[in-house]
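One structure below.
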Number of protein chains: 4
Amino acid sequence: MVFERTKLIRFHHCDPAGIVFYPQYLVLCNELVEDWFDEGLGVNFFTLHSEIKRGVPMRHLEADFLAPSVHGDELTFSLAVEHLGGSSMRLAISAMKDGKVRFAAKQTVVWAALDGAPRPVPIEPEWRERFGRYFVD
Amino acid sequence: MVFERTKLIRFHHCDPAGIVFYPQYLVLCNELVEDWFDEGLGVNFFTLHSEIKRGVPMRHLEADFLAPSVHGDELTFSLAVEHLGGSSMRLAISAMKDGKVRFAAKQTVVWAALDGAPRPVPIEPEWRERFGRYFVD
Amino acid sequence: MVFERTKLIRFHHCDPAGIVFYPQYLVLCNELVEDWFDEGLGVNFFTLHSEIKRGVPMRHLEADFLAPSVHGDELTFSLAVEHLGGSSMRLAISAMKDGKVRFAAKQTVVWAALDGAPRPVPIEPEWRERFGRYFVD
Amino acid sequence: MVFERTKLIRFHHCDPAGIVFYPQYLVLCNELVEDWFDEGLGVNFFTLHSEIKRGVPMRHLEADFLAPSVHGDELTFSLAVEHLGGSSMRLAISAMKDGKVRFAAKQTVVWAALDGAPRPVPIEPEWRERFGRYFVD
């Protein structure tokens with residue numbers, strides 16, 4: 001299963017060249033991961049941090065910026081789990097418009113305990129099951 | 001030759017976990033590239049865009065987030081040219097503190113003409129010479 | 001008539017104290033003004049800039065930060081026109097949760113022509129009519 | 001005494017109109033307040049939060065955006081204390097270039113204890129003395 005959300009490119013995402021300033025794509029990816037927890041996995045991202053004491057800090061990132069986007073564009077962001085490791089997972093994220101990929105990323109995030117200094121912990125079975133629903137080979 | 005600048009981690013770079021929000025590392029990389037043009041290559045980054053009509057849009061990015069940084073940290077950012085292609089180059093950027101790498105990235109940027117829609121153009125000999133000074137094998 | 005939109009406080013809006021970093025309220029206000037043009041006034045904000053060559057640069061801002069908001073809060077933003085001048089207007093914006101105002105601002109924006117250097121121009125009758133629909137005494 | 005620092009307008013501060021996106025002026029004000037604590041008042045801003053458990057959340061803001069700034073501009077930011085109350089103070093901040101004010105703000109910040117939920121506390125005599133050095137009538 002793939003998680004999808006439409007995101008509107010805002011004036012404040014764009015730079016003097018009139019196109020999305022590239023770090024803003026990563027801010028939008030962060031929003032997408034929030035949406036995925038809130039609406040796809042059914043666990044509020046704020047609760048995840050504040051009560052469940054888990055988080056998903058970024059460990060490794062690869063991204064391709066394939067075509068520019070401008071203010072007013074509506075992009076379809078997709079997220080799938082590409083690899084589910086012991087205490088990390090690799091997410092495949094892309095942003096498309098009119099059937100063309102504008103931006104594509106692989107993000108390896110750590111499953112981290114947040115009680116005290118963040119540290120990697122094994123992905124618990126219930127979480128493995130949740131994340132696994134979005135596994136795409 | 002390697003280009004270096006110290007950057008202070010600001011309150012506004014950090015997230016509710018108290019550490020640098022990862023897209024902010026890329027904003028700092030963008031500042032570093034500006035500094036490199038202004039002070040390392042001797043060509044003002046604003047003039048580059050507005051008069052010389054050249055820019056360096058991001059094409060491919062790889063980044064490792066190796067250890068967290070907090071508000072108040074002074075990081076030493078380094079930049080070198082790792083590969084100099086026909087109309088693109090790959091920059092190696094890292095951020096260290098106390099001899100330990102916190103963040104490391106490879107950024108492939110395009111050498112683009114900005115008169116009209118941005119398009120890749122061959123790196124002219126004078127620019128090849130400038131960029132080449134920071135080539136590190 | 002008052003224009004309203006719900007905005008979700010994102011992880012990336014918040015600072016190490018765990019609350020909205022105050023300039024982010026103004027980024028959200030900017031989104032609200034975009035939404036107002038797109039959906040309230042029926043003129044796409046991107047088209048406004050790129051084709052109609054009009055914009056609404058900020059001239060004067062007053063803001064009260066009355067209670068903190070945290071990641072995960074859903075705030076109801078409201079916008080009304082409080083004063084409609086010759087070539088400027090004052091917007092009253094607030095953000096509430098559970099009937100309590102968290103943030104309130106008055107923003108005086110200029111009606112500016114964007115063909116060449118931005119300059120104030122008289123608000124045309126058709127625009128005066130549009131803006132007037134959201135006038136609240 | 002007035003506290004001054006030069007700030008360079010970066011590419012990432014600017015919007016598709018090529019000028020500073022107005023909330024970014026407030027991010028720069030926040031940096032200025034950090035600089036003031038670190039270098040003017042001699043108390044590291046990070047230590048202030050993490051050890052001394054004091055902070056200066058924004059309560060009321062007024063700002064005038066008088067002339068646009070572009071990427072590459074070096075602005076001289078000034079900060080003075082205009083009013084020193086029981087548990088708050090009003091800062092006067094401006095940003096100039098070539099003797100002309102581009103941006104001016106009054107910011108009322110609260111002197112807050114950060115052990116537990118932030119709450120206003122009386123400005124202690126030692127802090128009153130420190131802040132008082134930058135008092136300008």
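Chain lettering (A, B, ...) mirrors the order of the structure tokens, residue numbering begins at 1 for each chain separately, and ligand numbering begins at 1 in order of display.
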Skip B:Pro125 itself and residues of its chain fewer than 6 positions away, then list as a ChimeraX atom specification all residues within 12 Å of it, counting only C-alpha atoms.
/B:84,86-87,131-132
Fewer than 6 positions away in the same chain doesn't count, so skip those; otherwise give me all residues within 12 Å of A:Glu129, counting only C-alpha atoms, as a ChimeraX atom specification.
/A:41,81,84,123,135
Chain D onto chain C, all Cα, least squares, as a compact mmCIF listing (two decimals) with N, CA and C atoms, in the first residue's frame:
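Dumped to selection-v5.txt:
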# COMPACT_ATOMS: atom_id res chain seq x y z
N MET D 1 -18.21 39.52 6.42
CA MET D 1 -17.90 38.10 6.31
C MET D 1 -16.46 37.89 6.77
N VAL D 2 -16.25 36.79 7.45
CA VAL D 2 -14.91 36.47 7.93
C VAL D 2 -14.44 35.21 7.19
N PHE D 3 -13.17 35.21 6.76
CA PHE D 3 -12.61 34.05 6.08
C PHE D 3 -11.90 33.18 7.12
N GLU D 4 -12.21 31.89 7.13
CA GLU D 4 -11.63 30.99 8.13
C GLU D 4 -10.98 29.76 7.51
N ARG D 5 -9.89 29.34 8.06
CA ARG D 5 -9.24 28.09 7.68
C ARG D 5 -8.58 27.47 8.91
N THR D 6 -8.64 26.16 8.97
CA THR D 6 -7.95 25.44 10.04
C THR D 6 -6.52 25.14 9.60
N LYS D 7 -5.58 25.37 10.48
CA LYS D 7 -4.16 25.07 10.20
C LYS D 7 -3.64 24.14 11.30
N LEU D 8 -2.92 23.13 10.87
CA LEU D 8 -2.32 22.18 11.81
C LEU D 8 -0.91 22.65 12.16
N ILE D 9 -0.63 22.73 13.45
CA ILE D 9 0.74 23.07 13.86
C ILE D 9 1.62 21.84 13.64
N ARG D 10 2.63 22.02 12.84
CA ARG D 10 3.54 20.96 12.44
C ARG D 10 4.76 20.94 13.35
N PHE D 11 5.40 19.78 13.39
CA PHE D 11 6.67 19.62 14.09
C PHE D 11 7.64 20.74 13.70
N HIS D 12 7.70 21.05 12.41
CA HIS D 12 8.70 22.02 11.93
C HIS D 12 8.35 23.47 12.25
N HIS D 13 7.15 23.71 12.80
CA HIS D 13 6.82 25.06 13.26
C HIS D 13 7.36 25.33 14.67
N CYS D 14 7.79 24.28 15.35
CA CYS D 14 8.08 24.39 16.80
C CYS D 14 9.57 24.46 17.10
N ASP D 15 9.88 25.06 18.22
CA ASP D 15 11.24 25.33 18.63
C ASP D 15 11.65 24.40 19.78
N PRO D 16 12.89 24.52 20.25
CA PRO D 16 13.35 23.63 21.33
C PRO D 16 12.52 23.73 22.62
N ALA D 17 11.78 24.83 22.80
CA ALA D 17 10.89 24.91 23.95
C ALA D 17 9.59 24.14 23.69
N GLY D 18 9.46 23.58 22.49
CA GLY D 18 8.29 22.74 22.18
C GLY D 18 7.08 23.52 21.72
N ILE D 19 7.23 24.83 21.56
CA ILE D 19 6.11 25.67 21.14
C ILE D 19 6.41 26.33 19.79
N VAL D 20 5.36 26.88 19.18
CA VAL D 20 5.53 27.50 17.87
C VAL D 20 6.57 28.62 17.96
N PHE D 21 7.57 28.55 17.11
CA PHE D 21 8.57 29.61 16.97
C PHE D 21 7.84 30.80 16.37
N TYR D 22 7.86 31.97 17.04
CA TYR D 22 6.90 33.00 16.68
C TYR D 22 6.90 33.45 15.22
N PRO D 23 8.06 33.51 14.52
CA PRO D 23 7.95 33.90 13.10
C PRO D 23 7.11 32.92 12.27
N GLN D 24 6.99 31.69 12.76
CA GLN D 24 6.19 30.70 12.01
C GLN D 24 4.71 31.07 12.01
N TYR D 25 4.24 31.78 13.04
CA TYR D 25 2.85 32.27 13.00
C TYR D 25 2.66 33.18 11.78
N LEU D 26 3.71 33.92 11.45
CA LEU D 26 3.59 34.86 10.33
C LEU D 26 3.68 34.14 9.00
N VAL D 27 4.42 33.05 8.97
CA VAL D 27 4.42 32.20 7.77
C VAL D 27 3.00 31.63 7.58
N LEU D 28 2.38 31.21 8.68
CA LEU D 28 1.02 30.68 8.59
C LEU D 28 0.03 31.79 8.17
N CYS D 29 0.24 33.01 8.63
CA CYS D 29 -0.60 34.14 8.18
C CYS D 29 -0.45 34.33 6.67
N ASN D 30 0.77 34.17 6.19
CA ASN D 30 1.00 34.32 4.76
C ASN D 30 0.24 33.24 3.97
N GLU D 31 0.24 32.02 4.50
CA GLU D 31 -0.55 30.94 3.88
C GLU D 31 -2.04 31.31 3.89
N LEU D 32 -2.47 31.90 4.99
CA LEU D 32 -3.89 32.26 5.12
C LEU D 32 -4.29 33.29 4.07
N VAL D 33 -3.43 34.27 3.85
CA VAL D 33 -3.70 35.29 2.83
C VAL D 33 -3.75 34.64 1.44
N GLU D 34 -2.84 33.68 1.21
CA GLU D 34 -2.89 32.91 -0.05
C GLU D 34 -4.24 32.20 -0.18
N ASP D 35 -4.64 31.50 0.89
CA ASP D 35 -5.92 30.77 0.87
C ASP D 35 -7.08 31.74 0.60
N TRP D 36 -7.00 32.91 1.20
CA TRP D 36 -8.06 33.91 1.05
C TRP D 36 -8.21 34.32 -0.41
N PHE D 37 -7.08 34.58 -1.07
CA PHE D 37 -7.14 34.94 -2.49
C PHE D 37 -7.66 33.76 -3.31
N ASP D 38 -7.08 32.58 -3.09
CA ASP D 38 -7.45 31.39 -3.87
C ASP D 38 -8.91 31.02 -3.70
N GLU D 39 -9.37 31.00 -2.47
CA GLU D 39 -10.67 30.39 -2.18
C GLU D 39 -11.72 31.40 -1.74
N GLY D 40 -11.29 32.48 -1.11
CA GLY D 40 -12.25 33.48 -0.65
C GLY D 40 -12.56 34.51 -1.73
N LEU D 41 -11.50 35.01 -2.35
CA LEU D 41 -11.67 36.07 -3.36
C LEU D 41 -11.77 35.49 -4.77
N GLY D 42 -11.44 34.21 -4.91
CA GLY D 42 -11.59 33.55 -6.21
C GLY D 42 -10.54 33.95 -7.23
N VAL D 43 -9.40 34.41 -6.76
CA VAL D 43 -8.31 34.75 -7.68
C VAL D 43 -7.06 34.04 -7.19
N ASN D 44 -6.54 33.17 -7.99
CA ASN D 44 -5.37 32.39 -7.61
C ASN D 44 -4.20 33.32 -7.28
N PHE D 45 -3.58 33.06 -6.12
CA PHE D 45 -2.52 33.95 -5.62
C PHE D 45 -1.30 33.93 -6.54
N PHE D 46 -1.05 32.79 -7.16
CA PHE D 46 0.07 32.70 -8.10
C PHE D 46 -0.22 33.54 -9.35
N THR D 47 -1.44 33.40 -9.86
CA THR D 47 -1.88 34.19 -11.03
C THR D 47 -1.84 35.69 -10.71
N LEU D 48 -2.24 36.01 -9.49
CA LEU D 48 -2.20 37.42 -9.06
C LEU D 48 -0.81 38.01 -9.30
N HIS D 49 0.21 37.24 -8.88
CA HIS D 49 1.57 37.73 -9.04
C HIS D 49 2.05 37.65 -10.49
N SER D 50 1.83 36.49 -11.12
CA SER D 50 2.49 36.22 -12.41
C SER D 50 1.76 36.86 -13.59
N GLU D 51 0.43 36.97 -13.52
CA GLU D 51 -0.30 37.50 -14.67
C GLU D 51 -0.93 38.87 -14.40
N ILE D 52 -1.62 38.95 -13.25
CA ILE D 52 -2.31 40.22 -12.95
C ILE D 52 -1.29 41.27 -12.48
N LYS D 53 -0.12 40.79 -12.07
CA LYS D 53 0.99 41.68 -11.67
C LYS D 53 0.59 42.57 -10.49
N ARG D 54 -0.09 41.96 -9.54
CA ARG D 54 -0.39 42.65 -8.30
C ARG D 54 0.11 41.80 -7.13
N GLY D 55 0.45 42.45 -6.04
CA GLY D 55 0.86 41.75 -4.84
C GLY D 55 0.48 42.56 -3.61
N VAL D 56 0.68 41.96 -2.45
CA VAL D 56 0.29 42.62 -1.20
C VAL D 56 1.44 42.63 -0.19
N PRO D 57 2.54 43.33 -0.51
CA PRO D 57 3.66 43.37 0.44
C PRO D 57 3.26 43.97 1.79
N MET D 58 3.90 43.47 2.82
CA MET D 58 3.63 43.92 4.19
C MET D 58 4.23 45.30 4.43
N ARG D 59 3.47 46.18 5.05
CA ARG D 59 3.96 47.51 5.37
C ARG D 59 4.09 47.71 6.88
N HIS D 60 3.06 47.28 7.61
CA HIS D 60 3.07 47.44 9.07
C HIS D 60 2.38 46.24 9.70
N LEU D 61 2.96 45.80 10.78
CA LEU D 61 2.47 44.59 11.44
C LEU D 61 2.40 44.82 12.94
N GLU D 62 1.30 44.42 13.54
CA GLU D 62 1.22 44.36 15.00
C GLU D 62 0.71 42.97 15.38
N ALA D 63 1.34 42.36 16.36
CA ALA D 63 0.92 41.00 16.71
C ALA D 63 1.03 40.77 18.21
N ASP D 64 0.05 40.05 18.73
CA ASP D 64 0.07 39.61 20.13
C ASP D 64 0.13 38.09 20.18
N PHE D 65 1.06 37.62 20.99
CA PHE D 65 1.25 36.19 21.19
C PHE D 65 0.71 35.90 22.58
N LEU D 66 -0.52 35.37 22.63
CA LEU D 66 -1.29 35.36 23.87
C LEU D 66 -1.17 34.06 24.65
N ALA D 67 -1.02 32.97 23.93
CA ALA D 67 -0.85 31.67 24.61
C ALA D 67 -0.10 30.77 23.63
N PRO D 68 0.78 29.91 24.16
CA PRO D 68 1.60 29.08 23.27
C PRO D 68 0.80 27.98 22.59
N SER D 69 1.25 27.57 21.42
CA SER D 69 0.67 26.43 20.70
C SER D 69 1.75 25.38 20.53
N VAL D 70 1.33 24.14 20.51
CA VAL D 70 2.30 23.05 20.37
C VAL D 70 1.99 22.23 19.13
N HIS D 71 2.99 21.45 18.75
CA HIS D 71 2.89 20.50 17.65
C HIS D 71 1.60 19.66 17.82
N GLY D 72 0.83 19.57 16.76
CA GLY D 72 -0.41 18.79 16.80
C GLY D 72 -1.66 19.62 17.05
N ASP D 73 -1.51 20.85 17.52
CA ASP D 73 -2.68 21.72 17.71
C ASP D 73 -3.31 22.07 16.37
N GLU D 74 -4.64 22.05 16.34
CA GLU D 74 -5.36 22.57 15.17
C GLU D 74 -5.90 23.93 15.55
N LEU D 75 -5.45 24.95 14.84
CA LEU D 75 -5.86 26.32 15.14
C LEU D 75 -6.82 26.81 14.05
N THR D 76 -7.84 27.54 14.47
CA THR D 76 -8.75 28.17 13.52
C THR D 76 -8.27 29.59 13.26
N PHE D 77 -7.80 29.81 12.04
CA PHE D 77 -7.35 31.14 11.64
C PHE D 77 -8.52 31.88 11.01
N SER D 78 -8.70 33.16 11.39
CA SER D 78 -9.74 34.02 10.81
C SER D 78 -9.09 35.25 10.20
N LEU D 79 -9.67 35.71 9.11
CA LEU D 79 -9.18 36.93 8.45
C LEU D 79 -10.37 37.82 8.10
N ALA D 80 -10.26 39.10 8.43
CA ALA D 80 -11.26 40.08 8.00
C ALA D 80 -10.53 41.36 7.60
N VAL D 81 -11.20 42.16 6.78
CA VAL D 81 -10.65 43.46 6.37
C VAL D 81 -11.18 44.51 7.35
N GLU D 82 -10.26 45.18 8.02
CA GLU D 82 -10.66 46.11 9.07
C GLU D 82 -10.69 47.54 8.54
N HIS D 83 -9.83 47.79 7.58
CA HIS D 83 -9.78 49.13 6.99
C HIS D 83 -9.38 48.99 5.53
N LEU D 84 -10.10 49.70 4.68
CA LEU D 84 -9.82 49.63 3.24
C LEU D 84 -9.47 51.04 2.78
N GLY D 85 -8.15 51.28 2.58
CA GLY D 85 -7.69 52.61 2.19
C GLY D 85 -7.59 52.75 0.69
N GLY D 86 -6.90 53.81 0.26
CA GLY D 86 -6.76 54.07 -1.17
C GLY D 86 -5.91 53.03 -1.89
N SER D 87 -4.76 52.73 -1.31
CA SER D 87 -3.88 51.75 -1.94
C SER D 87 -3.27 50.82 -0.88
N SER D 88 -4.00 50.65 0.19
CA SER D 88 -3.57 49.69 1.23
C SER D 88 -4.81 49.23 1.98
N MET D 89 -4.64 48.18 2.76
CA MET D 89 -5.74 47.74 3.62
C MET D 89 -5.17 47.12 4.89
N ARG D 90 -5.98 47.13 5.91
CA ARG D 90 -5.56 46.53 7.19
C ARG D 90 -6.38 45.27 7.42
N LEU D 91 -5.64 44.16 7.56
CA LEU D 91 -6.28 42.87 7.81
C LEU D 91 -6.20 42.55 9.30
N ALA D 92 -7.29 42.01 9.83
CA ALA D 92 -7.28 41.52 11.21
C ALA D 92 -7.27 40.00 11.14
N ILE D 93 -6.23 39.42 11.71
CA ILE D 93 -6.06 37.96 11.68
C ILE D 93 -5.97 37.44 13.10
N SER D 94 -6.65 36.33 13.36
CA SER D 94 -6.45 35.70 14.67
C SER D 94 -6.41 34.19 14.51
N ALA D 95 -5.84 33.54 15.51
CA ALA D 95 -5.77 32.07 15.55
C ALA D 95 -6.30 31.63 16.91
N MET D 96 -7.30 30.77 16.87
CA MET D 96 -7.96 30.34 18.11
C MET D 96 -7.93 28.82 18.26
N LYS D 97 -8.04 28.41 19.50
CA LYS D 97 -8.28 26.98 19.80
C LYS D 97 -9.16 26.92 21.04
N ASP D 98 -10.20 26.09 20.95
CA ASP D 98 -11.14 25.94 22.07
C ASP D 98 -11.66 27.29 22.54
N GLY D 99 -11.98 28.14 21.59
CA GLY D 99 -12.60 29.43 21.90
C GLY D 99 -11.67 30.46 22.51
N LYS D 100 -10.38 30.14 22.55
CA LYS D 100 -9.42 31.06 23.15
C LYS D 100 -8.44 31.54 22.09
N VAL D 101 -8.19 32.85 22.06
CA VAL D 101 -7.28 33.40 21.07
C VAL D 101 -5.83 33.13 21.49
N ARG D 102 -5.09 32.50 20.60
CA ARG D 102 -3.67 32.22 20.86
C ARG D 102 -2.79 33.32 20.28
N PHE D 103 -3.22 33.85 19.13
CA PHE D 103 -2.41 34.78 18.35
C PHE D 103 -3.36 35.75 17.66
N ALA D 104 -3.03 37.04 17.68
CA ALA D 104 -3.86 38.03 16.98
C ALA D 104 -2.95 39.05 16.33
N ALA D 105 -3.29 39.45 15.11
CA ALA D 105 -2.44 40.39 14.39
C ALA D 105 -3.26 41.38 13.57
N LYS D 106 -2.69 42.54 13.39
CA LYS D 106 -3.19 43.54 12.42
C LYS D 106 -2.08 43.69 11.40
N GLN D 107 -2.42 43.55 10.16
CA GLN D 107 -1.41 43.64 9.11
C GLN D 107 -1.84 44.66 8.06
N THR D 108 -1.05 45.69 7.92
CA THR D 108 -1.32 46.67 6.86
C THR D 108 -0.51 46.28 5.63
N VAL D 109 -1.22 45.91 4.57
CA VAL D 109 -0.54 45.51 3.34
C VAL D 109 -0.84 46.53 2.25
N VAL D 110 0.13 46.69 1.38
CA VAL D 110 0.02 47.64 0.28
C VAL D 110 -0.53 46.91 -0.95
N TRP D 111 -1.37 47.56 -1.70
CA TRP D 111 -1.80 47.03 -3.00
C TRP D 111 -0.78 47.53 -4.02
N ALA D 112 0.07 46.60 -4.49
CA ALA D 112 1.24 47.01 -5.28
C ALA D 112 1.22 46.44 -6.69
N ALA D 113 1.62 47.27 -7.63
CA ALA D 113 1.85 46.80 -9.00
C ALA D 113 3.23 46.15 -9.04
N LEU D 114 3.32 45.02 -9.74
CA LEU D 114 4.58 44.26 -9.79
C LEU D 114 5.22 44.29 -11.18
N ASP D 115 4.72 45.13 -12.07
CA ASP D 115 5.40 45.31 -13.36
C ASP D 115 6.50 46.33 -13.13
N GLY D 116 7.72 45.86 -13.04
CA GLY D 116 8.83 46.72 -12.64
C GLY D 116 8.96 46.70 -11.12
N ALA D 117 9.65 47.70 -10.56
CA ALA D 117 9.79 47.76 -9.11
C ALA D 117 8.41 47.91 -8.48
N PRO D 118 8.12 47.13 -7.43
CA PRO D 118 6.81 47.21 -6.78
C PRO D 118 6.49 48.64 -6.34
N ARG D 119 5.28 49.10 -6.65
CA ARG D 119 4.88 50.45 -6.23
C ARG D 119 3.40 50.42 -5.90
N PRO D 120 2.98 51.20 -4.90
CA PRO D 120 1.57 51.23 -4.51
C PRO D 120 0.72 51.76 -5.66
N VAL D 121 -0.43 51.17 -5.84
CA VAL D 121 -1.39 51.65 -6.85
C VAL D 121 -2.78 51.68 -6.20
N PRO D 122 -3.66 52.53 -6.72
CA PRO D 122 -5.03 52.58 -6.16
C PRO D 122 -5.72 51.23 -6.31
N ILE D 123 -6.46 50.86 -5.28
CA ILE D 123 -7.22 49.61 -5.35
C ILE D 123 -8.35 49.82 -6.36
N GLU D 124 -8.35 49.03 -7.43
CA GLU D 124 -9.33 49.18 -8.50
C GLU D 124 -10.73 48.80 -7.98
N PRO D 125 -11.80 49.37 -8.60
CA PRO D 125 -13.17 49.13 -8.11
C PRO D 125 -13.51 47.65 -7.96
N GLU D 126 -13.13 46.82 -8.94
CA GLU D 126 -13.47 45.39 -8.83
C GLU D 126 -12.80 44.75 -7.62
N TRP D 127 -11.57 45.17 -7.34
CA TRP D 127 -10.86 44.63 -6.17
C TRP D 127 -11.46 45.19 -4.89
N ARG D 128 -11.82 46.46 -4.93
CA ARG D 128 -12.45 47.10 -3.76
C ARG D 128 -13.74 46.34 -3.39
N GLU D 129 -14.48 45.95 -4.41
CA GLU D 129 -15.71 45.19 -4.17
C GLU D 129 -15.38 43.84 -3.55
N ARG D 130 -14.37 43.16 -4.13
CA ARG D 130 -13.98 41.83 -3.60
C ARG D 130 -13.52 41.93 -2.14
N PHE D 131 -12.56 42.83 -1.89
CA PHE D 131 -12.04 42.96 -0.53
C PHE D 131 -13.15 43.37 0.43
N GLY D 132 -14.08 44.22 -0.08
CA GLY D 132 -15.16 44.76 0.75
C GLY D 132 -16.09 43.69 1.31
N ARG D 133 -16.17 42.55 0.63
CA ARG D 133 -17.02 41.46 1.14
C ARG D 133 -16.55 40.95 2.49
N TYR D 134 -15.27 41.17 2.75
CA TYR D 134 -14.70 40.67 4.02
C TYR D 134 -14.48 41.82 5.01
N PHE D 135 -15.15 42.95 4.72
CA PHE D 135 -15.02 44.09 5.62
C PHE D 135 -15.82 43.84 6.90
N VAL D 136 -15.17 44.05 8.01
CA VAL D 136 -15.85 43.90 9.31
C VAL D 136 -15.53 45.14 10.11
N ASP D 137 -16.53 45.78 10.58
CA ASP D 137 -16.37 47.07 11.26
C ASP D 137 -15.84 46.87 12.69
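Assigned to helix (DSSP H, G or I) in stretch 33-124 of chain D, given DSSP computed from backbone atoms, are Val33, Glu34, Asp35, Trp36, Phe37, Asp38, Glu39, Gly40, Phe45, Phe46, Thr47, Leu48, His49 and Ser50 of chain D.
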